[in-house]
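To keep things clear, I will list the structure first and then write my remarks on it.
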Amino acid sequence: AQAAVEIAEKSKILEALSMPLFNLAKAQETLGDIASAVQNYQRAIDAKEANPGEFHNRVGVMADMKGHLAIAQYKSGDTSAEAKALEAANELETSDEPKYNKDVWMSGIYMKLGETMYTADPTKAIEYLKKAKQIIDANSELKLRAEQLKKVTNKLKINI
């Protein structure tokens with residue numbers, strides 16, 4: 001992921017930078033480097049806003065990026081980021097994004113928010129996990145997301 005960012009930077013094609021930064025941030029978050037993930041999610045959003053280009057230049061893509069940033073911010077201790085995550089989910093819901101993309105990204109925001117918040121506020125976290133489940137159950141194409149939700153609920157030792 002870092003190599004992709006370096007290639008994009010060297011290319012001097014300004015609109016080529018946002019998605020590699022976004023993917024780097026996702027990798028950093030997965031590896032537990034939350035501070036770097038927050039920084040690179042923000043860099044990805046800033047790059048996309050400054051140089052949208054013709055690819056991935058959609059409200060839904062930006063809302064997905066903002067959702068990832070908000071979850072990482074929450075993980076870093078910024079509890080006000082919950083509202084930002086919900087705002088991103090709302091932007092997705094009202095976007096003209098294809099249904100599959102919208103459902104994948106919205107369920108992801110709710111699932112990750114529920115998982116992240118579970119220790120601090122189990123009641124609210126379960127509400128978010130149920131919202132993710134509702135979206136997943138309504139779209140039979142979300143098989144991978146259903147498996148991800150199952151892993152989260154098993155990890156948290158809850159039934160929703």
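Chains: A, B, ... in order of the structure tokens. Residues: from 1 per chain. Ligands: from 1, in order shown.
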Find the residues around range 111-119 of chain A up to 12 Å (only C-alpha atoms counted), leave out those fewer than 5 positions away in its own chain, and share them as a PyMOL selection string.
chain A and resi 29-30+67-86+88-89+103-106+124-136+145-158+160
Could you name the residues that touch Val5 in chain A at 9 Å or less, counting only C-alpha atoms, but leaving out those on the same chain fewer than 5 positions away, as number ranges by chain?
A: 10, 16-21, 23-24
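Residue nearest Tyr110 in chain A, chosen from A:Ala27, A:Asp64, A:Lys143, A:Lys12 and counting only C-alpha atoms: A:Asp64.
As for CA of Ser95 in chain A and CA of Arg43 in chain A, they are spaced 22.7 Å apart.
If you measure from each of A:Glu54, A:Met65, A:Glu15, A:Asp121 to Gln42 in chain A using only C-alpha atoms, the closest one turns out to be A:Met65.
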What does the distance between CA of Pro98 in chain A and CA of Lys66 in chain A come to in Å, to one decimal place?
18.0 Å
Based on the backbone DSSP call, show me all residues of chain A assigned helix (DSSP H, G or I), as a ChimeraX atom specification.
/A:2-11,14-16,18-30,34-50,59-75,81-94,99-117,122-137,143-156
Mind giving me the straight-line distance from CA of Ile13 in chain A to CA of Asp96 in chain A in Å, one decimal?
27.4 Å
Using only C-alpha atoms, can you tell me which of A:Ala37, A:Leu14, A:Ala120, A:Ala8 comes closest to Pro52 in chain A?
A:Leu14
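With only C-alpha atoms as the basis for measurement, A:Ala1 is the residue among A:Leu142, A:Ile7, A:Ala1, A:Val61 that approaches Ala25 in chain A most closely.
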